[in-house]
Amino acid sequence: MRVVVFAAGAIGSLLGASLSHAGHTVLLVGRADHAEAIRTKGLRITGSLVETVELRAETSVPADFAPEVILLTAKTFDLPAAASLLGIEVPTPIPTLLPQNGLGVEEPVRTALSASGWPDPERWVVRAVNTLPATLLGPGEVRAAGQGELVFGRARAPAAGATRILTRLFRTTEIPVRAVDNLERAVWRKALINAAVNPVTALHGVSNGHLLEEPYRTESLALLREALATARAVGFDFPEKEVHAELDRVLKATAENRSSMLQDIDRGRRTEIQAISGEILRQGTAQGLDLPATRRAVDAIRARSPGGALARGQSS
Ligand code: KPL
């Protein structure tokens with residue numbers, strides 16, 4: 001298939017490389033320096049996979065490339081702007097994958113696509129949960145930082161056709177793919193882990209594995225407890241023991257990885273705190289919960305973020 005990875009950063013580039021390996025025609029659309037480096041030297045992948053992948057890379061979708069599917073991999077805060085642009089550059093609706101971290105990701109994308117002229121975007125936009133860890137080391141260079149998978153919801157109207165196409169597409173790659181009945185639950189499950197890991201790693205400048213030990217563990221577990229209480233209050237009841245085990249498994253599997261939020265802070269960029277802890281705080285507070293650790297984390301990360309100055313052109 002012809003695939004466009006739109007706003008391709010670390011995850012987008014890695015997914016694009018896997019699809020290219022599987023024989024698909026992949027176009028990465030990203031920042032000028034990233035696209036230029038890939039055009040001249042290929043996409044360099046290090047970590048659990050070491051190789052250089054030849055890929056077409058541009059800063060916009062060229063008129064001669066008619067994509068059949070899109071991976072929209074912009075950061076959550078940049079999604080509406082990226083979706084608006086996408087709707088203009090690719091005016092005919094096609095299956096569009098959203099593999100971001102966080103909650104409430106789809107609606108702003110559907111709204112932006114609709115405003116850009118896509119009829120019925122709910123038929124085309126497909127959410128998935130991605131657990132492949134990746135780091136953008138620099139233009140044209142990505143580190144595959146451990147194992148992971150892509151989780152899709154079972155195909156259901158109105159996006160049943162698009163979900164089938166995207167699930168089948170990734171089944172042709174080496175990336176493990178799983179389909180679940182309740183995707184919203186899987187989205188929450190990942191958000192619980194991100195809420196417990198990302199702010200703590202970002203505030204203390206430590207890789208994920210450090211959260212298995214004090215002093216970071218207590219801070220991480222306090223965030224997890226509040227996120228769990230919020231999930232329960234909005235209808236997703238996860239057994240605490242199971243989520244603790246999942247947290248430890250992720251921390252061990254991605255021990256060397258610098259979380260995506262830490263990478264953003266490292267590079268002086270905006271973070272996805274709003275879509276993760278900010279959304280938990282919003283939903284939990286609306287349910288009458290007191291979430292002091294989450295509120296502190298949101299305030300502390302916001303204080304270190306550049307506050308929207310770099311709202312465009314960021315990607316994951
Ligand atoms: O999703 C991640 C992220 O960094 O955003 C985890 C699972 C924490 C891996 O680093």
# chains A, B, ... in the order shown; residues from 1 in each chain; ligands from 1
$ residues_near_ligand --ligand "ligand 1" --cutoff "6 Å" --atoms "only C-alpha atoms and all ligand atoms" --output "list in words"
Thr131, Pro133, Asn194, Val197, Asn198, Thr254, Asn257, Ser259 and Ser260 of chain A
$ write_last_selection --atoms "C-alpha atoms" --output "CSV table (one decimal), in the first residue's frame"
chain,number,residue,atom,x,y,z
A,131,THR,CA,3.7,0.8,23.2
A,133,PRO,CA,9.3,3.0,22.7
A,194,ASN,CA,2.1,7.3,31.1
A,197,VAL,CA,6.0,7.3,34.4
A,198,ASN,CA,6.3,10.4,32.1
A,254,THR,CA,11.9,0.2,28.6
A,257,ASN,CA,14.3,4.6,27.4
A,259,SER,CA,10.2,8.8,28.2
A,260,SER,CA,8.7,10.9,25.5
$ residues_around --residues "Gly9 in chain A" --least-positions-apart "5" --cutoff "12 Å" --atoms "only C-alpha atoms" --output "PyMOL selection string"
chain A and resi 14-17+28-35+38+43+57+71-75+100+134-143+260+263-264+313-316
$ closest_residue --among "A:Gly205, A:Leu212, A:Arg127, A:Leu132" --to "Ser13 in chain A" --atoms "only C-alpha atoms"
A:Leu132
$ atom_distance --atom1 "CA of Gly117 in chain A" --atom2 "CA of Pro95 in chain A"
15.2 Å
$ residues_around --residues "range 201-204 of chain A" --least-positions-apart "6" --cutoff "8 Å" --atoms "only C-alpha atoms" --output "list of chain:residue names"
A:Leu211, A:Arg258, A:Ser259, A:Met261, A:Leu262, A:Gln263, A:Ile265, A:Ala300, A:Ile301
$ atom_distance --atom1 "CA of Met1 in chain A" --atom2 "CA of Ala160 in chain A"
18.4 Å
$ select_by_dssp --residues "range 15-92 of chain A" --states "strand (DSSP E or B)" --output "list in words"
Thr25, Val26, Leu27, Leu28, Val29, Leu43, Arg44, Ile45, Thr46, Gly47, Glu51, Thr52, Val53, Arg56, Ala57, Glu58, Val69, Ile70, Leu71, Leu72 and Ala74 of chain A
$ write_last_selection --atoms "C-alpha atoms" --output "tab-separated table (two decimals), in the first residue's frame"
chain	number	residue	atom	x	y	z
A	25	THR	CA	5.60	2.39	-0.42
A	26	VAL	CA	6.19	4.83	2.42
A	27	LEU	CA	6.48	8.60	2.35
A	28	LEU	CA	7.57	10.34	5.55
A	29	VAL	CA	6.35	13.92	5.87
A	43	LEU	CA	16.80	6.82	8.18
A	44	ARG	CA	19.38	5.56	10.68
A	45	ILE	CA	17.88	3.23	13.31
A	46	THR	CA	19.87	2.14	16.36
A	47	GLY	CA	19.01	0.32	19.60
A	51	GLU	CA	20.03	-0.44	10.20
A	52	THR	CA	19.72	2.37	7.70
A	53	VAL	CA	16.45	2.48	5.77
A	56	ARG	CA	11.20	8.97	0.62
A	57	ALA	CA	10.92	12.00	2.91
A	58	GLU	CA	9.34	15.40	2.23
A	69	VAL	CA	-3.53	5.23	4.26
A	70	ILE	CA	-2.13	7.85	6.64
A	71	LEU	CA	-0.38	7.55	9.96
A	72	LEU	CA	-0.92	10.90	11.69
A	74	ALA	CA	1.91	14.60	15.43
$ atom_distance --atom1 "CA of Gly87 in chain A" --atom2 "CA of Ala159 in chain A"
17.4 Å
$ decode --residues "range 51-71 of chain A" --atoms "N, CA, C and O atoms" --output "PDB file, in the first residue's frame"
ATOM      1  N   GLU A  51      20.060  -0.415  11.659  1.00  0.00           N
ATOM      2  CA  GLU A  51      20.028  -0.439  10.196  1.00  0.00           C
ATOM      3  C   GLU A  51      19.816   0.973   9.667  1.00  0.00           C
ATOM      4  O   GLU A  51      19.457   1.885  10.410  1.00  0.00           O
ATOM      5  N   THR A  52      20.040   1.107   8.369  1.00  0.00           N
ATOM      6  CA  THR A  52      19.721   2.367   7.697  1.00  0.00           C
ATOM      7  C   THR A  52      18.678   2.049   6.636  1.00  0.00           C
ATOM      8  O   THR A  52      18.856   1.130   5.839  1.00  0.00           O
ATOM      9  N   VAL A  53      17.568   2.771   6.678  1.00  0.00           N
ATOM     10  CA  VAL A  53      16.452   2.475   5.770  1.00  0.00           C
ATOM     11  C   VAL A  53      16.312   3.619   4.765  1.00  0.00           C
ATOM     12  O   VAL A  53      16.256   4.792   5.150  1.00  0.00           O
ATOM     13  N   GLU A  54      16.283   3.263   3.491  1.00  0.00           N
ATOM     14  CA  GLU A  54      16.063   4.271   2.438  1.00  0.00           C
ATOM     15  C   GLU A  54      14.566   4.559   2.373  1.00  0.00           C
ATOM     16  O   GLU A  54      13.775   3.643   2.151  1.00  0.00           O
ATOM     17  N   LEU A  55      14.202   5.796   2.583  1.00  0.00           N
ATOM     18  CA  LEU A  55      12.781   6.163   2.548  1.00  0.00           C
ATOM     19  C   LEU A  55      12.614   7.490   1.832  1.00  0.00           C
ATOM     20  O   LEU A  55      13.499   8.351   1.905  1.00  0.00           O
ATOM     21  N   ARG A  56      11.493   7.657   1.188  1.00  0.00           N
ATOM     22  CA  ARG A  56      11.201   8.969   0.618  1.00  0.00           C
ATOM     23  C   ARG A  56      10.757   9.883   1.766  1.00  0.00           C
ATOM     24  O   ARG A  56       9.937   9.475   2.607  1.00  0.00           O
ATOM     25  N   ALA A  57      11.290  11.079   1.823  1.00  0.00           N
ATOM     26  CA  ALA A  57      10.919  12.004   2.909  1.00  0.00           C
ATOM     27  C   ALA A  57      10.747  13.402   2.346  1.00  0.00           C
ATOM     28  O   ALA A  57      11.582  13.877   1.584  1.00  0.00           O
ATOM     29  N   GLU A  58       9.665  14.057   2.735  1.00  0.00           N
ATOM     30  CA  GLU A  58       9.337  15.395   2.232  1.00  0.00           C
ATOM     31  C   GLU A  58       8.785  16.235   3.383  1.00  0.00           C
ATOM     32  O   GLU A  58       8.524  15.708   4.468  1.00  0.00           O
ATOM     33  N   THR A  59       8.569  17.515   3.118  1.00  0.00           N
ATOM     34  CA  THR A  59       7.957  18.370   4.143  1.00  0.00           C
ATOM     35  C   THR A  59       6.455  18.569   3.901  1.00  0.00           C
ATOM     36  O   THR A  59       5.762  19.179   4.711  1.00  0.00           O
ATOM     37  N   SER A  60       5.971  18.091   2.764  1.00  0.00           N
ATOM     38  CA  SER A  60       4.520  18.084   2.508  1.00  0.00           C
ATOM     39  C   SER A  60       4.234  16.931   1.544  1.00  0.00           C
ATOM     40  O   SER A  60       5.168  16.326   0.999  1.00  0.00           O
ATOM     41  N   VAL A  61       2.960  16.618   1.357  1.00  0.00           N
ATOM     42  CA  VAL A  61       2.622  15.479   0.493  1.00  0.00           C
ATOM     43  C   VAL A  61       2.671  15.937  -0.971  1.00  0.00           C
ATOM     44  O   VAL A  61       1.889  16.803  -1.378  1.00  0.00           O
ATOM     45  N   PRO A  62       3.581  15.383  -1.789  1.00  0.00           N
ATOM     46  CA  PRO A  62       3.672  15.823  -3.184  1.00  0.00           C
ATOM     47  C   PRO A  62       2.449  15.381  -3.994  1.00  0.00           C
ATOM     48  O   PRO A  62       1.836  14.351  -3.681  1.00  0.00           O
ATOM     49  N   ALA A  63       2.137  16.158  -5.033  1.00  0.00           N
ATOM     50  CA  ALA A  63       0.941  15.881  -5.841  1.00  0.00           C
ATOM     51  C   ALA A  63       1.016  14.511  -6.512  1.00  0.00           C
ATOM     52  O   ALA A  63      -0.010  13.881  -6.777  1.00  0.00           O
ATOM     53  N   ASP A  64       2.235  13.996  -6.756  1.00  0.00           N
ATOM     54  CA  ASP A  64       2.355  12.716  -7.477  1.00  0.00           C
ATOM     55  C   ASP A  64       2.236  11.504  -6.543  1.00  0.00           C
ATOM     56  O   ASP A  64       2.349  10.370  -6.979  1.00  0.00           O
ATOM     57  N   PHE A  65       2.024  11.720  -5.251  1.00  0.00           N
ATOM     58  CA  PHE A  65       1.942  10.584  -4.325  1.00  0.00           C
ATOM     59  C   PHE A  65       0.501  10.474  -3.844  1.00  0.00           C
ATOM     60  O   PHE A  65       0.023  11.305  -3.081  1.00  0.00           O
ATOM     61  N   ALA A  66      -0.197   9.459  -4.299  1.00  0.00           N
ATOM     62  CA  ALA A  66      -1.607   9.300  -3.911  1.00  0.00           C
ATOM     63  C   ALA A  66      -1.695   8.261  -2.789  1.00  0.00           C
ATOM     64  O   ALA A  66      -1.733   7.061  -3.063  1.00  0.00           O
ATOM     65  N   PRO A  67      -1.700   8.691  -1.531  1.00  0.00           N
ATOM     66  CA  PRO A  67      -1.666   7.717  -0.432  1.00  0.00           C
ATOM     67  C   PRO A  67      -2.970   6.934  -0.307  1.00  0.00           C
ATOM     68  O   PRO A  67      -4.042   7.428  -0.670  1.00  0.00           O
ATOM     69  N   GLU A  68      -2.828   5.699   0.202  1.00  0.00           N
ATOM     70  CA  GLU A  68      -4.020   4.879   0.488  1.00  0.00           C
ATOM     71  C   GLU A  68      -4.339   4.868   1.982  1.00  0.00           C
ATOM     72  O   GLU A  68      -5.478   4.618   2.376  1.00  0.00           O
ATOM     73  N   VAL A  69      -3.302   5.095   2.803  1.00  0.00           N
ATOM     74  CA  VAL A  69      -3.527   5.231   4.255  1.00  0.00           C
ATOM     75  C   VAL A  69      -2.578   6.284   4.812  1.00  0.00           C
ATOM     76  O   VAL A  69      -1.537   6.569   4.209  1.00  0.00           O
ATOM     77  N   ILE A  70      -2.959   6.818   5.972  1.00  0.00           N
ATOM     78  CA  ILE A  70      -2.133   7.847   6.636  1.00  0.00           C
ATOM     79  C   ILE A  70      -1.877   7.423   8.078  1.00  0.00           C
ATOM     80  O   ILE A  70      -2.785   6.936   8.764  1.00  0.00           O
ATOM     81  N   LEU A  71      -0.650   7.627   8.528  1.00  0.00           N
ATOM     82  CA  LEU A  71      -0.376   7.550   9.963  1.00  0.00           C
ATOM     83  C   LEU A  71      -0.158   8.995  10.394  1.00  0.00           C
ATOM     84  O   LEU A  71       0.791   9.633   9.932  1.00  0.00           O
TER      85      LEU A  71
END
